[in-house]
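Source file: coords-v1.cif (mmCIF, C-alpha atoms)
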```cif
data_run
loop_
_atom_site.label_atom_id
_atom_site.label_comp_id
_atom_site.auth_asym_id
_atom_site.auth_seq_id
_atom_site.Cartn_x
_atom_site.Cartn_y
_atom_site.Cartn_z
CA MET A 1 0.00 0.00 0.00
CA ILE A 2 2.81 2.42 0.85
CA LEU A 3 4.47 1.58 -2.48
CA LEU A 4 1.34 2.76 -4.27
CA ALA A 5 1.37 6.01 -2.28
CA VAL A 6 5.05 6.62 -3.13
CA ILE A 7 4.38 5.93 -6.82
CA LEU A 8 1.41 8.30 -6.80
CA ILE A 9 3.56 11.05 -5.28
CA LEU A 10 6.19 10.42 -7.97
CA VAL A 11 3.52 10.53 -10.71
CA SER A 12 2.32 13.82 -9.24
CA ILE A 13 5.86 15.25 -9.37
CA LEU A 14 6.27 13.95 -12.92
CA TYR A 15 3.05 15.63 -14.05
CA GLN A 16 3.74 18.91 -12.26
CA ASP A 17 7.28 19.23 -13.56
CA PHE A 18 6.37 18.45 -17.17
CA ARG A 19 3.22 20.57 -17.13
CA TYR A 20 4.20 23.59 -15.02
CA ARG A 21 8.03 23.31 -14.71
CA GLU A 22 7.66 23.47 -10.95
CA ILE A 23 6.45 21.17 -8.21
CA TRP A 24 4.34 21.74 -5.14
CA TRP A 25 6.41 22.44 -2.04
CA PHE A 26 4.89 19.60 0.00
CA THR A 27 5.56 16.76 -2.47
CA PRO A 28 9.29 16.26 -1.65
CA PRO A 29 8.66 15.97 2.12
CA LEU A 30 5.80 13.54 1.43
CA LEU A 31 8.11 11.54 -0.84
CA LEU A 32 10.82 11.49 1.83
CA ILE A 33 8.37 10.28 4.47
CA GLY A 34 6.95 7.69 2.08
CA GLY A 35 10.44 6.46 1.21
CA LEU A 36 11.36 6.17 4.88
CA ILE A 37 8.20 4.21 5.66
CA TYR A 38 8.62 2.02 2.57
CA ASN A 39 12.18 1.00 3.53
CA TRP A 40 11.90 1.33 7.31
CA GLU A 41 12.65 -2.30 8.13
CA THR A 42 15.64 -2.55 5.80
CA LEU A 43 16.82 1.06 5.88
CA ASN A 44 20.55 1.42 6.35
CA TRP A 45 20.95 4.82 8.00
CA GLN A 46 24.60 5.01 7.00
CA HIS A 47 23.65 4.61 3.33
CA PHE A 48 20.90 7.20 3.79
CA LEU A 49 23.46 9.65 5.20
CA PHE A 50 25.99 8.92 2.42
CA ASN A 51 23.31 9.45 -0.23
CA PHE A 52 22.37 12.75 1.36
CA LEU A 53 26.02 13.83 1.55
CA PHE A 54 26.63 12.75 -2.05
CA ILE A 55 23.80 14.95 -3.33
CA SER A 56 25.01 17.80 -1.12
CA VAL A 57 28.54 17.54 -2.55
CA VAL A 58 27.28 17.36 -6.14
CA ILE A 59 25.10 20.44 -5.65
CA SER A 60 27.95 22.29 -3.92
CA PHE A 61 30.24 21.62 -6.89
CA LEU A 62 27.45 22.71 -9.21
CA VAL A 63 27.09 25.99 -7.31
CA VAL A 64 30.83 26.64 -7.53
CA TYR A 65 30.88 25.75 -11.23
CA VAL A 66 27.97 28.08 -12.05
CA ARG A 67 29.58 30.92 -10.10
CA ILE A 68 32.91 30.52 -11.91
CA ARG A 69 31.63 29.67 -15.38
CA PHE A 70 28.59 31.91 -15.69
CA LYS A 71 29.41 34.59 -13.09
CA SER A 72 26.02 33.97 -11.52
CA SER A 73 25.45 33.81 -7.80
CA ASN A 74 22.06 32.10 -7.89
CA LEU A 75 22.11 28.54 -9.16
CA PHE A 76 18.45 27.94 -8.35
CA LYS A 77 17.17 31.02 -10.16
CA ASP A 78 18.68 30.45 -13.58
CA TYR A 79 20.11 26.95 -13.95
CA PHE A 80 18.76 24.34 -11.58
CA GLY A 81 15.45 24.15 -9.78
CA LEU A 82 15.20 23.89 -6.02
CA GLY A 83 12.50 21.26 -6.56
CA ASP A 84 15.02 19.14 -8.47
CA VAL A 85 17.37 19.12 -5.48
CA LEU A 86 14.55 18.43 -3.04
CA VAL A 87 13.36 15.45 -5.10
CA LEU A 88 16.90 14.08 -5.23
CA LEU A 89 17.18 14.40 -1.47
CA ALA A 90 13.71 12.91 -0.96
CA ILE A 91 14.51 9.70 -2.86
CA THR A 92 17.69 8.99 -0.87
CA PRO A 93 16.07 6.48 1.55
CA LEU A 94 15.01 4.30 -1.39
CA PHE A 95 18.57 3.27 -2.32
CA GLY A 96 21.70 1.74 -0.88
CA PHE A 97 24.71 4.00 -1.37
CA PRO A 98 26.51 2.18 -4.23
CA PHE A 99 23.21 1.72 -6.04
CA PHE A 100 22.31 5.39 -5.54
CA ILE A 101 25.47 6.45 -7.38
CA TYR A 102 24.49 4.25 -10.32
CA PHE A 103 20.89 5.39 -10.18
CA PHE A 104 21.84 9.07 -10.05
CA THR A 105 24.21 8.70 -13.01
CA CYS A 106 21.86 6.64 -15.15
CA SER A 107 18.79 8.77 -14.39
CA THR A 108 20.72 11.94 -15.22
CA ILE A 109 21.81 10.46 -18.55
CA ILE A 110 18.24 9.32 -19.24
CA SER A 111 17.05 12.86 -18.41
CA LEU A 112 19.43 14.37 -20.93
CA ILE A 113 18.48 11.86 -23.62
CA GLY A 114 14.78 12.44 -22.93
CA TYR A 115 15.26 16.18 -23.11
CA LEU A 116 17.10 15.89 -26.43
CA LEU A 117 14.42 13.60 -27.89
CA PHE A 118 11.55 15.84 -26.78
CA SER A 119 13.43 18.90 -28.07
CA LEU A 120 13.26 17.43 -31.57
CA PHE A 121 9.47 17.81 -31.50
CA LYS A 122 9.00 20.88 -29.32
CA ALA A 123 11.54 23.49 -28.26
CA GLN A 124 12.15 23.40 -24.53
CA LYS A 125 13.86 26.03 -22.46
CA SER A 126 14.72 23.82 -19.51
CA ILE A 127 14.96 20.18 -18.51
CA PRO A 128 12.17 18.86 -16.25
CA TYR A 129 14.78 17.04 -14.17
CA ALA A 130 12.57 16.25 -11.17
CA GLY A 131 10.03 14.75 -13.56
CA TYR A 132 12.60 12.53 -15.24
CA ILE A 133 14.04 11.49 -11.87
CA SER A 134 10.51 10.61 -10.75
CA LEU A 135 9.97 8.52 -13.86
CA CYS A 136 13.24 6.66 -13.31
CA THR A 137 12.38 6.11 -9.64
CA ILE A 138 8.99 4.67 -10.57
CA ALA A 139 10.72 2.28 -12.98
CA PHE A 140 13.20 1.32 -10.25
CA LEU A 141 10.49 0.68 -7.67
CA LEU A 142 8.53 -1.49 -10.08
CA LEU A 143 11.63 -3.47 -11.03
CA VAL A 144 12.46 -4.07 -7.36
CA GLN A 145 8.85 -5.05 -6.67
CA TYR A 146 9.21 -7.81 -9.27
CA LYS A 147 12.62 -8.87 -7.89
CA ILE A 148 14.64 -7.46 -10.80
CA THR A 149 17.85 -5.66 -9.82
CA PRO A 150 19.18 -3.55 -12.69
CA PHE A 151 22.67 -3.15 -11.21
CA ILE A 152 25.26 -5.35 -9.52
CA TYR A 153 24.74 -4.02 -6.01
CA PRO A 154 21.65 -5.05 -4.09
CA VAL A 155 19.12 -2.46 -3.09
#
```

For this file, produce the structure as structure tokens.
Amino acid sequence: MILLAVILILVSILYQDFRYREIWWFTPPLLLIGGLIYNWETLNWQHFLFNFLFISVVISFLVVYVRIRFKSSNLFKDYFGLGDVLVLLAITPLFGFPFFIYFFTCSTIISLIGYLLFSLFKAQKSIPYAGYISLCTIAFLLLVQYKITPFIYPV
């Protein structure tokens, strides 16, 4: 039942990000709570912390890069949505640390490919990253539900 709730939240984020290019403020906290409840019995708090720190480090490097490269002081205004970061942080309890690195990399590549494919049909100004991450997370959850592990490391 909780899996269905998590998937519905992810579908909501997917729809909002593709339709409006923003997400409601309460969906990432709901997703985080849903992810914690979904994995409560098997949750490795050390992996959860490492996932959180990994996203924090990646975003910190992104902030530094944007400041140096584009002379802009506000990453979230012009280049990357705050909702994107919040969704990334909210999905951290769903993954073990090694798997999260793979998931983050693959879902980012899928996001770029999806953006390029959709850009062929309709010009887009920005990438709905939280939407693509939600779509990849739904796929992951369904694969795990049917006992299919897409990577070497267990969930």

Reference answer for the PyMOL selection byres ((chain A and resi 76) around 12), as a ChimeraX atom specification: /A:22,59-60,62-63,66-67,72-75,77-86

Within 8 Å of stretch 95-97 of chain A using all atoms listed in the file, minus same-chain residues under 2 positions, as an NGL selection string: :A and (44 or 47-48 or 50-51 or 91-93 or 99-101 or 154-155)

Between A:Tyr20, A:Phe54, A:Ser12, A:Val6, which has the minimum distance to A:Leu36 (counting all atoms listed in the file)?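 Among the listed residues, the smallest separation from A:Leu36 belongs to A:Val6.
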
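Taking all atoms listed in the file into account, A:Pro98 lies nearest to A:Gln46 out of the set A:Ile138, A:Ile7, A:Gln46, A:Val64.
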
Apply the PyMOL selection byres ((chain A and resi 13-16) around 12) to the displayed file and report the matching residues as JSON, numbers by chain. {"A": [6, 7, 8, 9, 10, 11, 12, 17, 18, 19, 20, 21, 22, 23, 24, 25, 26, 27, 28, 29, 30, 31, 83, 84, 86, 87, 88, 90, 128, 129, 130, 131, 132, 133, 134, 135, 136, 137, 138]}

Next, the residues of the selection above should be written as a compact mmCIF listing (two decimals), keeping the file's coordinate frame with C-alpha atoms.
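Heads up, here's the output in selection11.txt:
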```txt
# COMPACT_ATOMS: atom_id res chain seq x y z
CA VAL A 6 5.05 6.62 -3.13
CA ILE A 7 4.38 5.93 -6.82
CA LEU A 8 1.41 8.30 -6.80
CA ILE A 9 3.56 11.05 -5.28
CA LEU A 10 6.19 10.42 -7.97
CA VAL A 11 3.52 10.53 -10.71
CA SER A 12 2.32 13.82 -9.24
CA ASP A 17 7.28 19.23 -13.56
CA PHE A 18 6.37 18.45 -17.17
CA ARG A 19 3.22 20.57 -17.13
CA TYR A 20 4.20 23.59 -15.02
CA ARG A 21 8.03 23.31 -14.71
CA GLU A 22 7.66 23.47 -10.95
CA ILE A 23 6.45 21.17 -8.21
CA TRP A 24 4.34 21.74 -5.14
CA TRP A 25 6.41 22.44 -2.04
CA PHE A 26 4.89 19.60 0.00
CA THR A 27 5.56 16.76 -2.47
CA PRO A 28 9.29 16.26 -1.65
CA PRO A 29 8.66 15.97 2.12
CA LEU A 30 5.80 13.54 1.43
CA LEU A 31 8.11 11.54 -0.84
CA GLY A 83 12.50 21.26 -6.56
CA ASP A 84 15.02 19.14 -8.47
CA LEU A 86 14.55 18.43 -3.04
CA VAL A 87 13.36 15.45 -5.10
CA LEU A 88 16.90 14.08 -5.23
CA ALA A 90 13.71 12.91 -0.96
CA PRO A 128 12.17 18.86 -16.25
CA TYR A 129 14.78 17.04 -14.17
CA ALA A 130 12.57 16.25 -11.17
CA GLY A 131 10.03 14.75 -13.56
CA TYR A 132 12.60 12.53 -15.24
CA ILE A 133 14.04 11.49 -11.87
CA SER A 134 10.51 10.61 -10.75
CA LEU A 135 9.97 8.52 -13.86
CA CYS A 136 13.24 6.66 -13.31
CA THR A 137 12.38 6.11 -9.64
CA ILE A 138 8.99 4.67 -10.57
```

A:Phe61, A:Glu41, A:Phe140, A:Leu53 ranked by distance to A:Tyr102, top pick (using all atoms listed in the file):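 Of all the options, A:Phe140 lies closest to A:Tyr102.
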
Please fill the gaps in stretch 71-85 of chain A so it has N, CA, C and O atoms, and write that as a PDB file, keeping the file's coordinate frame.
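The resulting file, selection.pdb, is shown below:
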```
ATOM      1  N   LYS A  71      29.379  33.373 -13.915  1.00  0.00           N
ATOM      2  CA  LYS A  71      29.410  34.590 -13.090  1.00  0.00           C
ATOM      3  C   LYS A  71      28.035  34.884 -12.459  1.00  0.00           C
ATOM      4  O   LYS A  71      27.632  36.014 -12.309  1.00  0.00           O
ATOM      5  N   SER A  72      27.335  33.818 -12.125  1.00  0.00           N
ATOM      6  CA  SER A  72      26.020  33.970 -11.520  1.00  0.00           C
ATOM      7  C   SER A  72      26.085  33.485 -10.085  1.00  0.00           C
ATOM      8  O   SER A  72      26.718  32.482  -9.776  1.00  0.00           O
ATOM      9  N   SER A  73      25.419  34.186  -9.208  1.00  0.00           N
ATOM     10  CA  SER A  73      25.450  33.810  -7.800  1.00  0.00           C
ATOM     11  C   SER A  73      24.249  32.974  -7.385  1.00  0.00           C
ATOM     12  O   SER A  73      24.214  32.463  -6.277  1.00  0.00           O
ATOM     13  N   ASN A  74      23.265  32.827  -8.263  1.00  0.00           N
ATOM     14  CA  ASN A  74      22.060  32.100  -7.890  1.00  0.00           C
ATOM     15  C   ASN A  74      21.829  30.910  -8.810  1.00  0.00           C
ATOM     16  O   ASN A  74      21.241  31.050  -9.876  1.00  0.00           O
ATOM     17  N   LEU A  75      22.282  29.764  -8.390  1.00  0.00           N
ATOM     18  CA  LEU A  75      22.110  28.540  -9.160  1.00  0.00           C
ATOM     19  C   LEU A  75      20.639  28.223  -9.366  1.00  0.00           C
ATOM     20  O   LEU A  75      20.214  27.842 -10.451  1.00  0.00           O
ATOM     21  N   PHE A  76      19.837  28.377  -8.319  1.00  0.00           N
ATOM     22  CA  PHE A  76      18.450  27.940  -8.350  1.00  0.00           C
ATOM     23  C   PHE A  76      17.537  28.896  -9.119  1.00  0.00           C
ATOM     24  O   PHE A  76      16.425  28.535  -9.460  1.00  0.00           O
ATOM     25  N   LYS A  77      17.999  30.084  -9.402  1.00  0.00           N
ATOM     26  CA  LYS A  77      17.170  31.020 -10.160  1.00  0.00           C
ATOM     27  C   LYS A  77      17.265  30.767 -11.663  1.00  0.00           C
ATOM     28  O   LYS A  77      16.267  30.800 -12.373  1.00  0.00           O
ATOM     29  N   ASP A  78      18.473  30.494 -12.141  1.00  0.00           N
ATOM     30  CA  ASP A  78      18.680  30.450 -13.580  1.00  0.00           C
ATOM     31  C   ASP A  78      18.998  29.072 -14.152  1.00  0.00           C
ATOM     32  O   ASP A  78      18.763  28.839 -15.334  1.00  0.00           O
ATOM     33  N   TYR A  79      19.552  28.161 -13.363  1.00  0.00           N
ATOM     34  CA  TYR A  79      20.110  26.950 -13.950  1.00  0.00           C
ATOM     35  C   TYR A  79      19.544  25.643 -13.426  1.00  0.00           C
ATOM     36  O   TYR A  79      19.513  24.662 -14.144  1.00  0.00           O
ATOM     37  N   PHE A  80      19.167  25.597 -12.194  1.00  0.00           N
ATOM     38  CA  PHE A  80      18.760  24.340 -11.580  1.00  0.00           C
ATOM     39  C   PHE A  80      17.644  24.643 -10.590  1.00  0.00           C
ATOM     40  O   PHE A  80      17.769  25.554  -9.778  1.00  0.00           O
ATOM     41  N   GLY A  81      16.578  23.877 -10.657  1.00  0.00           N
ATOM     42  CA  GLY A  81      15.450  24.150  -9.780  1.00  0.00           C
ATOM     43  C   GLY A  81      15.640  23.612  -8.381  1.00  0.00           C
ATOM     44  O   GLY A  81      16.219  22.544  -8.177  1.00  0.00           O
ATOM     45  N   LEU A  82      15.150  24.345  -7.412  1.00  0.00           N
ATOM     46  CA  LEU A  82      15.200  23.890  -6.020  1.00  0.00           C
ATOM     47  C   LEU A  82      14.391  22.601  -5.860  1.00  0.00           C
ATOM     48  O   LEU A  82      14.767  21.712  -5.103  1.00  0.00           O
ATOM     49  N   GLY A  83      13.296  22.484  -6.602  1.00  0.00           N
ATOM     50  CA  GLY A  83      12.500  21.260  -6.560  1.00  0.00           C
ATOM     51  C   GLY A  83      13.284  20.042  -7.017  1.00  0.00           C
ATOM     52  O   GLY A  83      13.093  18.941  -6.502  1.00  0.00           O
ATOM     53  N   ASP A  84      14.182  20.240  -7.993  1.00  0.00           N
ATOM     54  CA  ASP A  84      15.020  19.140  -8.470  1.00  0.00           C
ATOM     55  C   ASP A  84      15.901  18.604  -7.344  1.00  0.00           C
ATOM     56  O   ASP A  84      16.024  17.393  -7.148  1.00  0.00           O
ATOM     57  N   VAL A  85      16.502  19.519  -6.598  1.00  0.00           N
ATOM     58  CA  VAL A  85      17.370  19.120  -5.480  1.00  0.00           C
ATOM     59  C   VAL A  85      16.537  18.447  -4.385  1.00  0.00           C
ATOM     60  O   VAL A  85      16.943  17.416  -3.840  1.00  0.00           O
TER      61      VAL A  85
END
```
